[in-house]
Amino acid sequence: MYMKQLKTTSSVNTCPAISIGQIILDDSNYITMWGNLQQGDNWTRCDFVTTYEVLNTMLRYVQDRNDAVQMTIVKKLEDMQQIPEIIDLEAELGSAVVFDNMNFLLSRPGFRDQGTWIEYTDGECYYIEQVTPAIPVKNTQYDKKIGQCMDMLYMSYELYLGYLELDFDEDGARQKADLVDDLKYTLAYYAWKERTI
């Protein structure tokens, strides 16, 4: 299929990660990539087609792998002897490059048959329409521990106020409430203020 005739269907999927082993460059505005698609906990062999613009976005989102992949592509483009040209990332970098922590908007390529666009890839090839950064998943266990810490600070400040009401001096009240440390005292005050306002 000539990529200049690429048409995508309305069947759209999203996935959280892909891995790319080889990139195929030709004289069109499209890039073909051989790799795998993450579906749940499994990886499925899959090919991808996209534009240079989307590939650049993917590279921006994987900053730790960006330079190595980009330099490999640039080097191949400079020394391009034939069309199509294959960039073997697995051979050049030692393994396939995983693009994760982003959301891929995928659609299936198709071809025109008697005036109708027909999907022909059966889920083995997708057109990457768009890539966006993944929204971090909130860590509820971490939030719970922070909440417990704030509760303890709040109770310490309440205890401190109780000692003040019992006519303890400032230093004595802070010592009894275990708030001698200025930073802990300040944090306890803000925890108390947050819950009382």
# chains A, B, ... in the order shown; residues from 1 in each chain; ligands from 1
>>> select_by_dssp(residues="stretch 16-154 of chain A", states="helix (DSSP H, G or I)", output="ChimeraX atom specification")
/A:52-61,63-78,89-93,140-154
>>> select_by_dssp(residues="chain A", states="strand (DSSP E)", output="ChimeraX atom specification")
/A:7-15,18-25,30-39,42-51,85-88,97-99,102-113,116-119,125-133
>>> residues_around(residues="stretch 53-60 of chain A", least_positions_apart="4", cutoff="9 Å", atoms="only C-alpha atoms", output="JSON, numbers by chain")
{"A": [31, 65, 66, 67, 69, 70, 99, 102, 128, 129, 130, 131, 132]}
>>> residues_around(residues="A:Gly94", least_positions_apart="2", cutoff="12 Å", atoms="only C-alpha atoms", output="ChimeraX atom specification")
/A:21-22,68-69,88-92,96-97
